[in-house]
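Text of input_26.txt, listed as compact mmCIF, C-alpha atoms:
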# COMPACT_ATOMS: atom_id res chain seq x y z
CA MET Z 1 41.71 -88.11 23.41
CA SER Z 2 45.36 -87.35 24.17
CA SER Z 3 48.32 -86.96 21.86
CA ILE Z 4 52.04 -87.57 22.10
CA HIS Z 5 53.91 -84.28 22.31
CA ILE Z 6 56.69 -83.51 19.85
CA LEU Z 7 58.74 -80.42 20.66
CA THR Z 8 60.13 -78.47 17.72
CA GLU Z 9 63.55 -76.84 17.59
CA SER Z 10 64.06 -73.24 18.68
CA LYS Z 11 62.28 -71.39 15.90
CA ARG Z 12 61.64 -67.81 17.09
CA ILE Z 13 58.79 -65.39 16.55
CA GLU Z 14 59.83 -63.15 13.67
CA ASN Z 15 59.22 -59.42 13.52
CA LYS Z 16 57.48 -59.36 10.13
CA GLY Z 17 54.35 -57.46 11.05
CA ASN Z 18 51.70 -60.09 10.32
CA TRP Z 19 52.08 -61.62 13.81
CA ILE Z 20 51.28 -65.19 12.84
CA TYR Z 21 53.63 -67.91 14.07
CA LYS Z 22 53.23 -71.19 12.18
CA VAL Z 23 54.68 -74.55 13.09
CA LEU Z 24 53.09 -76.21 10.05
CA THR Z 25 55.46 -76.16 7.09
CA PRO Z 26 54.94 -77.19 3.46
CA GLU Z 27 57.23 -80.15 4.16
CA ILE Z 28 54.96 -81.43 6.94
CA GLU Z 29 51.87 -80.96 4.77
CA GLN Z 30 53.52 -82.89 1.93
CA ILE Z 31 54.45 -85.78 4.23
CA CYS Z 32 50.88 -85.96 5.55
CA ARG Z 33 49.48 -86.12 2.02
CA GLU Z 34 51.94 -88.81 0.97
CA GLU Z 35 51.31 -90.92 4.08
CA SER Z 36 47.52 -90.34 4.09
CA LEU Z 37 47.65 -88.73 7.52
CA ALA Z 38 44.95 -86.46 8.95
CA LEU Z 39 46.20 -83.02 9.88
CA ARG Z 40 44.53 -80.56 12.25
CA GLU Z 41 45.81 -77.09 13.05
CA HIS Z 42 45.33 -75.48 16.49
CA GLU Z 43 45.47 -71.78 17.33
CA ASN Z 44 46.78 -70.16 20.51
CA LYS Z 45 46.93 -66.38 21.00
CA LEU Z 46 50.08 -65.17 22.75
CA HIS Z 47 50.40 -61.77 24.44
CA CYS Z 48 53.90 -60.65 23.56
CA GLY Z 49 54.28 -57.22 25.11
CA ARG Z 50 52.90 -54.54 22.84
CA ILE Z 51 51.46 -56.98 20.31
CA ASP Z 52 49.55 -60.26 20.15
CA VAL Z 53 50.78 -63.22 18.14
CA GLU Z 54 48.59 -66.00 16.78
CA ALA Z 55 50.55 -69.23 17.25
CA ARG Z 56 49.42 -72.08 15.01
CA TYR Z 57 50.59 -75.59 15.80
CA CYS Z 58 49.45 -78.91 14.37
CA GLU Z 59 48.21 -82.35 15.36
CA ILE Z 60 48.65 -85.44 13.18
CA HIS Z 61 46.51 -88.60 13.24
CA GLU Z 62 46.07 -91.70 11.17
CA GLN Z 63 43.09 -91.16 8.85
CA LYS Z 64 41.91 -94.72 9.48
CA ALA Z 65 42.02 -94.22 13.26
CA PRO Z 66 41.20 -90.55 13.97
CA ASN Z 67 40.24 -91.30 17.57
CA GLU Z 68 43.53 -92.95 18.43
CA CYS Z 69 46.47 -91.14 20.02
CA GLY Z 70 48.14 -88.74 17.61
CA TYR Z 71 51.14 -86.42 17.56
CA LEU Z 72 50.94 -82.81 18.70
CA ILE Z 73 53.80 -80.71 17.31
CA ILE Z 74 54.50 -77.84 19.69
CA PRO Z 75 57.07 -75.04 19.45
CA GLU Z 76 59.42 -74.52 22.39
CA ILE Z 77 58.03 -71.05 23.05
CA LEU Z 78 54.49 -72.32 23.68
CA ILE Z 79 52.60 -73.92 26.55
CA PRO Z 80 49.27 -74.88 24.89
CA GLY Z 81 46.37 -72.89 26.30
CA ARG Z 82 48.63 -70.41 28.10
CA PRO Z 83 48.53 -66.73 27.06
CA TYR Z 84 52.25 -65.85 27.21
CA PRO Z 85 55.46 -67.16 25.62
CA ILE Z 86 57.58 -69.34 27.88
CA TYR Z 87 60.05 -66.45 28.28
CA VAL Z 88 57.49 -64.54 30.36
CA TYR Z 89 56.82 -67.37 32.80
CA LEU Z 90 60.50 -68.17 33.22
CA TYR Z 91 61.32 -64.50 33.80
CA ALA Z 92 58.75 -64.35 36.61
CA ILE Z 93 59.84 -67.66 38.12
CA SER Z 94 63.56 -66.85 38.02
CA THR Z 95 63.02 -63.31 39.34
CA TYR Z 96 61.05 -64.67 42.28
CA SER Z 97 63.30 -67.68 42.97
CA LEU Z 98 66.62 -65.82 42.72
CA ASN Z 99 65.56 -62.92 44.95
CA PRO Z 100 65.12 -64.50 48.43
CA THR Z 101 63.31 -61.55 50.02
CA MET Z 102 60.97 -60.73 47.14
CA GLY Z 103 57.24 -61.48 47.21
CA GLN Z 104 55.21 -62.79 44.32
CA ARG Z 105 53.46 -59.48 43.77
CA GLU Z 106 56.75 -57.67 43.24
CA ALA Z 107 58.04 -60.40 40.91
CA ALA Z 108 54.80 -60.24 38.89
CA LYS Z 109 55.05 -56.43 38.72
CA ARG Z 110 58.61 -56.62 37.38
CA THR Z 111 57.49 -59.17 34.80
CA ARG Z 112 54.70 -56.89 33.57
CA GLU Z 113 57.15 -54.01 33.27
CA ARG Z 114 59.85 -56.05 31.54
CA PHE Z 115 57.51 -57.31 28.82
CA GLU Z 116 55.06 -54.37 28.88
CA LEU Z 117 52.11 -56.63 29.67
CA LYS Z 118 48.72 -55.33 30.67
CA THR Z 119 48.18 -58.22 33.05
CA PHE Z 120 50.37 -60.79 34.76
CA SER Z 121 49.36 -61.53 38.35
CA HIS Z 122 51.08 -63.03 41.37
CA THR Z 123 48.57 -65.89 41.27
CA THR Z 124 49.70 -66.71 37.73
CA LEU Z 125 53.26 -66.83 39.01
CA GLY Z 126 52.19 -69.02 41.94
CA ARG Z 127 50.53 -71.56 39.66
CA ALA Z 128 53.55 -71.65 37.35
CA MET Z 129 55.86 -72.24 40.32
CA LYS Z 130 53.70 -75.13 41.53
CA ARG Z 131 53.65 -76.79 38.10
CA LEU Z 132 57.42 -76.52 37.81
CA GLU Z 133 57.84 -77.93 41.33
CA LYS Z 134 55.80 -80.96 40.31
CA GLN Z 135 58.15 -81.58 37.42
CA ILE Z 136 61.18 -81.28 39.67
CA ASN Z 137 59.74 -83.55 42.35
CA GLY Z 138 58.34 -86.06 39.90
CA ASN Z 139 54.89 -85.70 41.53
CA GLU Z 140 52.87 -84.63 38.51
CA GLY Z 141 49.75 -86.38 39.80
CA GLU Z 142 49.76 -84.85 43.28
CA GLN Z 143 48.07 -81.59 44.19
CA GLN Z 144 49.76 -79.12 46.50
CA GLU Z 145 47.65 -77.37 49.10
CA THR Z 146 49.32 -73.96 49.42
CA GLU Z 147 50.59 -71.23 47.16
CA ILE Z 148 54.31 -70.51 47.22
CA VAL Z 149 53.67 -67.03 48.63
CA VAL Z 150 50.41 -65.13 48.91
CA GLU Z 151 50.66 -61.95 50.92
CA ALA Z 152 47.73 -61.18 53.24
CA VAL Z 153 45.82 -57.99 52.52
CA GLY Z 154 43.75 -56.45 55.31
CA ASP Z 155 42.91 -59.65 57.19
CA GLU Z 156 45.24 -60.50 60.04
CA ASP Z 157 43.36 -63.72 60.80
CA LYS Z 158 44.48 -65.31 57.53
CA LYS Z 159 47.84 -67.05 57.67
CA PHE Z 160 50.01 -67.30 54.59
CA PRO Z 161 53.51 -68.70 54.02
CA THR Z 162 56.21 -66.15 54.79
CA VAL Z 163 59.30 -65.46 52.72
CA GLU Z 164 61.36 -67.50 55.20
CA GLN Z 165 58.94 -70.42 55.00
CA THR Z 166 59.34 -70.59 51.23
CA LYS Z 167 63.14 -70.42 51.29
CA ASP Z 168 63.76 -74.12 50.59
CA ARG Z 169 61.21 -74.27 47.78
CA ARG Z 170 62.69 -71.22 46.08
CA GLU Z 171 66.18 -72.64 46.36
CA LYS Z 172 65.06 -75.93 44.82
CA VAL Z 173 63.46 -74.17 41.84
CA ALA Z 174 66.46 -71.83 41.42
CA ALA Z 175 68.86 -74.79 41.47
CA TYR Z 176 66.78 -76.57 38.83
CA LEU Z 177 66.74 -73.52 36.54
CA LYS Z 178 70.51 -73.16 36.84
CA LYS Z 179 71.07 -76.84 36.09
CA ALA Z 180 68.61 -76.94 33.20
CA SER Z 181 70.16 -73.84 31.63
CA ALA Z 182 73.68 -75.28 31.96
CA GLU Z 183 74.53 -72.71 34.66
CA ASP Z 184 73.70 -69.80 32.37
CA SER Z 185 74.41 -66.56 34.26
CA SER Z 186 71.89 -64.59 32.19
CA LEU Z 187 69.06 -65.85 34.44
CA ALA Z 188 70.59 -64.20 37.50
CA GLN Z 189 71.42 -61.09 35.51
CA GLU Z 190 67.82 -60.70 34.36
CA ALA Z 191 66.48 -61.38 37.86
CA GLY Z 192 68.81 -58.87 39.49
CA GLN Z 193 68.69 -55.91 37.09
CA PRO Z 194 65.12 -54.57 36.96
CA GLN Z 195 66.46 -51.10 36.19
CA ARG Z 196 67.63 -52.13 32.73
CA LYS Z 197 65.61 -50.86 29.80
CA PRO Z 198 63.18 -53.54 28.61
CA GLU Z 199 64.18 -55.34 25.44
CA TYR Z 200 61.29 -57.78 25.20
CA THR Z 201 58.38 -55.51 24.33
CA HIS Z 202 57.91 -57.12 20.91
CA PRO Z 203 59.45 -59.90 18.78
CA PRO Z 204 61.95 -61.01 17.79
CA TYR Z 205 63.16 -62.19 21.19
CA ILE Z 206 66.92 -62.67 21.06
CA GLY Z 207 69.85 -62.74 23.46
CA ALA Z 208 71.49 -64.90 26.13
CA TYR Z 209 68.44 -64.98 28.39
CA ILE Z 210 66.20 -66.17 25.54
CA ASP Z 211 68.72 -68.89 24.70
CA ALA Z 212 68.73 -69.96 28.36
CA CYS Z 213 64.92 -70.30 28.28
CA HIS Z 214 65.10 -72.61 25.28
CA ASN Z 215 67.75 -74.72 27.05
CA ILE Z 216 65.50 -75.07 30.12
CA VAL Z 217 62.54 -76.18 27.98
CA LYS Z 218 64.68 -78.73 26.12
CA TYR Z 219 66.23 -80.09 29.31
CA THR Z 220 62.83 -80.57 30.95
CA PHE Z 221 61.34 -82.26 27.90
CA LEU Z 222 64.26 -84.67 27.47
CA ASN Z 223 64.43 -85.59 31.15
CA TYR Z 224 60.76 -85.60 32.11
CA HIS Z 225 59.13 -86.22 28.69
CA ARG Z 226 56.71 -83.40 29.50
CA LEU Z 227 56.31 -79.71 28.77
CA LEU Z 228 57.89 -77.30 31.25
CA LEU Z 229 54.62 -75.96 32.69
What would you get if you wrote out this structure as structure tokens?
Amino acid sequence: MSSIHILTESKRIENKGNWIYKVLTPEIEQICREESLALREHENKLHCGRIDVEARYCEIHEQKAPNECGYLIIPEILIPGRPYPIYVYLYAISTYSLNPTMGQREAAKRTRERFELKTFSHTTLGRAMKRLEKQINGNEGEQQETEIVVEAVGDEDKKFPTVEQTKDRREKVAAYLKKASAEDSSLAQEAGQPQRKPEYTHPPYIGAYIDACHNIVKYTFLNYHRLLL
């Protein structure tokens, strides 16, 4: 059973110490009671640098038709079932796309360092890039056969796309990010300054780059009627 996605406004994870992020508000609960709607809350753990956050978002159905399509209310920071906030994926994607000679492993390494993550692999970045490409190309139902970049390790017989072979695909993704963020320069600044001291090791996430991420999510949802990744 599927549900229609509803994206909430840019509520941020607050640094209050209990590390629970709730989309469900007393106002929503009251409306559900008044309208005799069935309400179900979902949980999604997010790895946010040094801490983990339990994100709770809700799904609403008609009580008389619980098996019919409902409404899934999702915060902008979340991709359901994914272990990181959207900021992490967009940092990796923009770092890789805006640095023409960089491999996925290096982009993933910089992402781990920026957010102080224990794990974030180049294959995770590759999958995120492919999902975003599908949105850009409008080919959500088609499967792509190759990773963006997977460097060969110890086996010369295996052939993988080179940096030069992925040039056009990177440029397409980079152009989309710039357009979706309203040409926000903070994306390029984040991608080009790995020496800066990390600021995203724990909530709250604030700043120009974070605002750019929210703009990209909104743009994608409004234009494609789908989540970013």
In file coordinates, which residues lie within 12 Å of (44.4, -86.0, 8.9) using only C-alpha atoms, given as a PDB file with C-alpha atoms, in the frame of the given file?
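Listed below is the output, part.pdb:
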ATOM      1  CA  ILE Z  28      54.960 -81.430   6.940  1.00  0.00           C
ATOM      2  CA  GLU Z  29      51.870 -80.960   4.770  1.00  0.00           C
ATOM      3  CA  GLN Z  30      53.520 -82.890   1.930  1.00  0.00           C
ATOM      4  CA  ILE Z  31      54.450 -85.780   4.230  1.00  0.00           C
ATOM      5  CA  CYS Z  32      50.880 -85.960   5.550  1.00  0.00           C
ATOM      6  CA  ARG Z  33      49.480 -86.120   2.020  1.00  0.00           C
ATOM      7  CA  GLU Z  34      51.940 -88.810   0.970  1.00  0.00           C
ATOM      8  CA  GLU Z  35      51.310 -90.920   4.080  1.00  0.00           C
ATOM      9  CA  SER Z  36      47.520 -90.340   4.090  1.00  0.00           C
ATOM     10  CA  LEU Z  37      47.650 -88.730   7.520  1.00  0.00           C
ATOM     11  CA  ALA Z  38      44.950 -86.460   8.950  1.00  0.00           C
ATOM     12  CA  LEU Z  39      46.200 -83.020   9.880  1.00  0.00           C
ATOM     13  CA  ARG Z  40      44.530 -80.560  12.250  1.00  0.00           C
ATOM     14  CA  GLU Z  41      45.810 -77.090  13.050  1.00  0.00           C
ATOM     15  CA  CYS Z  58      49.450 -78.910  14.370  1.00  0.00           C
ATOM     16  CA  GLU Z  59      48.210 -82.350  15.360  1.00  0.00           C
ATOM     17  CA  ILE Z  60      48.650 -85.440  13.180  1.00  0.00           C
ATOM     18  CA  HIS Z  61      46.510 -88.600  13.240  1.00  0.00           C
ATOM     19  CA  GLU Z  62      46.070 -91.700  11.170  1.00  0.00           C
ATOM     20  CA  GLN Z  63      43.090 -91.160   8.850  1.00  0.00           C
ATOM     21  CA  LYS Z  64      41.910 -94.720   9.480  1.00  0.00           C
ATOM     22  CA  ALA Z  65      42.020 -94.220  13.260  1.00  0.00           C
ATOM     23  CA  PRO Z  66      41.200 -90.550  13.970  1.00  0.00           C
ATOM     24  CA  ASN Z  67      40.240 -91.300  17.570  1.00  0.00           C
ATOM     25  CA  GLU Z  68      43.530 -92.950  18.430  1.00  0.00           C
ATOM     26  CA  GLY Z  70      48.140 -88.740  17.610  1.00  0.00           C
ATOM     27  CA  TYR Z  71      51.140 -86.420  17.560  1.00  0.00           C
TER      28      TYR Z  71
END
### Message
Ranking Z:Glu190, Z:Glu43, Z:Glu113, Z:Glu106 by minimum distance to Pro83 (chain Z) and counting all atoms listed in the file, which one comes first?
### Response
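Smallest separation from Pro83 (chain Z) among the options: Z:Glu43.
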#### Entry: For Arg110 (chain Z), the nearest of the candidates Z:Ile216, Z:Val88, Z:Ala128, Z:Ile136, counting only C-alpha atoms
Z:Val88
### Message
One decimal, in Å: what's the spacing between CA of Lys179 (chain Z) and CA of Asn99 (chain Z)?
### Response
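According to the coordinates, CA of Lys179 (chain Z) and CA of Asn99 (chain Z) are separated by 17.4 Å.
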### Task
Could you jot down the CA of Glu171 (chain Z) to CA of Phe115 (chain Z) separation for me, Å, one decimal place?
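Going from CA of Glu171 (chain Z) over to CA of Phe115 (chain Z), I get 24.9 Å.
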## Note on the structure
Using all atoms listed in the file, the shortest atom-to-atom distance to His214 (chain Z) among Z:Tyr96, Z:Tyr87, Z:Tyr176, Z:Tyr57 belongs to Z:Tyr87
### Query
Separation of CA of Gly126 (chain Z) and CA of Pro80 (chain Z), in Å?
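For CA of Gly126 (chain Z) relative to CA of Pro80 (chain Z), the distance reads 18.3 Å.
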### Query
Of the residues Z:Ser121, Z:Gln135, Z:Thr101, Z:Gln189, which is the one nearest to Arg226 (chain Z), using all atoms listed in the file?
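Ranked by minimum distance to Arg226 (chain Z), first place goes to Z:Gln135.
Closest approach to Asp184 (chain Z) among Z:Leu24, Z:Ile206, Z:Met102, Z:Ala212 is made by Z:Ala212 (distances from only C-alpha atoms).
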### Message
Env of Glu76 (chain Z): 12 Å cut, atoms = all atoms listed in the file, seq-sep filter 4 positions within chain, self excluded. Answer as a PyMOL selection string.
### Response
chain Z and resi 5-13+23+55+57+80+85-87+210-221+226-229
### Message
Under the rule that all atoms listed in the file are counted, which of Z:Asn18, Z:Arg131, Z:Thr166, Z:Leu117 is the nearest residue to Gly103 (chain Z)?
### Response
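Of Z:Asn18, Z:Arg131, Z:Thr166, Z:Leu117, the one nearest Gly103 (chain Z) is Z:Thr166, counting all atoms listed in the file.
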### Non-local contacts of Arg50 (chain Z) (10 Å; only C-alpha atoms; under 6 positions in same chain excluded) as number ranges by chain
Z: 115-118, 200-203
Where atoms are absent from region 67-89 of chain Z, fill them in so it carries N, CA and C atoms, then output it as a PDB file, in the coordinates of the input.
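What follows is the written file rebuild-v1.pdb:
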ATOM      1  N   ASN Z  67      40.466 -91.402  16.125  1.00  0.00           N
ATOM      2  CA  ASN Z  67      40.240 -91.300  17.570  1.00  0.00           C
ATOM      3  C   ASN Z  67      41.386 -91.866  18.404  1.00  0.00           C
ATOM      4  N   GLU Z  68      42.373 -92.412  17.718  1.00  0.00           N
ATOM      5  CA  GLU Z  68      43.530 -92.950  18.430  1.00  0.00           C
ATOM      6  C   GLU Z  68      44.509 -91.813  18.755  1.00  0.00           C
ATOM      7  N   CYS Z  69      45.463 -92.121  19.615  1.00  0.00           N
ATOM      8  CA  CYS Z  69      46.470 -91.140  20.020  1.00  0.00           C
ATOM      9  C   CYS Z  69      47.259 -90.642  18.808  1.00  0.00           C
ATOM     10  N   GLY Z  70      47.412 -89.330  18.715  1.00  0.00           N
ATOM     11  CA  GLY Z  70      48.140 -88.740  17.610  1.00  0.00           C
ATOM     12  C   GLY Z  70      49.427 -88.085  18.071  1.00  0.00           C
ATOM     13  N   TYR Z  71      49.895 -87.127  17.266  1.00  0.00           N
ATOM     14  CA  TYR Z  71      51.140 -86.420  17.560  1.00  0.00           C
ATOM     15  C   TYR Z  71      50.881 -84.920  17.499  1.00  0.00           C
ATOM     16  N   LEU Z  72      51.149 -84.240  18.605  1.00  0.00           N
ATOM     17  CA  LEU Z  72      50.940 -82.810  18.700  1.00  0.00           C
ATOM     18  C   LEU Z  72      52.297 -82.122  18.612  1.00  0.00           C
ATOM     19  N   ILE Z  73      52.505 -81.359  17.544  1.00  0.00           N
ATOM     20  CA  ILE Z  73      53.800 -80.710  17.310  1.00  0.00           C
ATOM     21  C   ILE Z  73      53.754 -79.300  17.886  1.00  0.00           C
ATOM     22  N   ILE Z  74      54.567 -79.070  18.915  1.00  0.00           N
ATOM     23  CA  ILE Z  74      54.500 -77.840  19.690  1.00  0.00           C
ATOM     24  C   ILE Z  74      55.829 -77.106  19.637  1.00  0.00           C
ATOM     25  N   PRO Z  75      55.811 -75.802  19.417  1.00  0.00           N
ATOM     26  CA  PRO Z  75      57.070 -75.040  19.450  1.00  0.00           C
ATOM     27  C   PRO Z  75      57.554 -74.842  20.884  1.00  0.00           C
ATOM     28  N   GLU Z  76      58.846 -74.682  21.058  1.00  0.00           N
ATOM     29  CA  GLU Z  76      59.420 -74.520  22.390  1.00  0.00           C
ATOM     30  C   GLU Z  76      58.879 -73.302  23.133  1.00  0.00           C
ATOM     31  N   ILE Z  77      58.464 -72.295  22.400  1.00  0.00           N
ATOM     32  CA  ILE Z  77      58.030 -71.050  23.050  1.00  0.00           C
ATOM     33  C   ILE Z  77      56.646 -71.172  23.676  1.00  0.00           C
ATOM     34  N   LEU Z  78      55.917 -72.254  23.359  1.00  0.00           N
ATOM     35  CA  LEU Z  78      54.490 -72.320  23.680  1.00  0.00           C
ATOM     36  C   LEU Z  78      54.169 -73.368  24.742  1.00  0.00           C
ATOM     37  N   ILE Z  79      53.294 -72.984  25.685  1.00  0.00           N
ATOM     38  CA  ILE Z  79      52.600 -73.920  26.550  1.00  0.00           C
ATOM     39  C   ILE Z  79      51.141 -73.881  26.098  1.00  0.00           C
ATOM     40  N   PRO Z  80      50.615 -74.931  25.456  1.00  0.00           N
ATOM     41  CA  PRO Z  80      49.270 -74.880  24.890  1.00  0.00           C
ATOM     42  C   PRO Z  80      48.223 -74.398  25.890  1.00  0.00           C
ATOM     43  N   GLY Z  81      47.422 -73.435  25.464  1.00  0.00           N
ATOM     44  CA  GLY Z  81      46.370 -72.890  26.300  1.00  0.00           C
ATOM     45  C   GLY Z  81      46.816 -71.753  27.195  1.00  0.00           C
ATOM     46  N   ARG Z  82      48.116 -71.492  27.266  1.00  0.00           N
ATOM     47  CA  ARG Z  82      48.630 -70.410  28.100  1.00  0.00           C
ATOM     48  C   ARG Z  82      48.808 -69.144  27.268  1.00  0.00           C
ATOM     49  N   PRO Z  83      48.582 -67.966  27.855  1.00  0.00           N
ATOM     50  CA  PRO Z  83      48.530 -66.730  27.060  1.00  0.00           C
ATOM     51  C   PRO Z  83      49.851 -66.024  26.827  1.00  0.00           C
ATOM     52  N   TYR Z  84      50.973 -66.535  27.373  1.00  0.00           N
ATOM     53  CA  TYR Z  84      52.250 -65.850  27.210  1.00  0.00           C
ATOM     54  C   TYR Z  84      53.309 -66.814  26.682  1.00  0.00           C
ATOM     55  N   PRO Z  85      54.328 -66.298  25.986  1.00  0.00           N
ATOM     56  CA  PRO Z  85      55.460 -67.160  25.620  1.00  0.00           C
ATOM     57  C   PRO Z  85      56.164 -67.665  26.862  1.00  0.00           C
ATOM     58  N   ILE Z  86      56.895 -68.746  26.735  1.00  0.00           N
ATOM     59  CA  ILE Z  86      57.580 -69.340  27.880  1.00  0.00           C
ATOM     60  C   ILE Z  86      58.558 -68.375  28.519  1.00  0.00           C
ATOM     61  N   TYR Z  87      59.093 -67.418  27.738  1.00  0.00           N
ATOM     62  CA  TYR Z  87      60.050 -66.450  28.280  1.00  0.00           C
ATOM     63  C   TYR Z  87      59.438 -65.663  29.445  1.00  0.00           C
ATOM     64  N   VAL Z  88      58.153 -65.348  29.332  1.00  0.00           N
ATOM     65  CA  VAL Z  88      57.490 -64.540  30.360  1.00  0.00           C
ATOM     66  C   VAL Z  88      57.399 -65.314  31.666  1.00  0.00           C
ATOM     67  N   TYR Z  89      56.949 -66.565  31.594  1.00  0.00           N
ATOM     68  CA  TYR Z  89      56.820 -67.370  32.800  1.00  0.00           C
ATOM     69  C   TYR Z  89      58.176 -67.614  33.461  1.00  0.00           C
TER      70      TYR Z  89
END
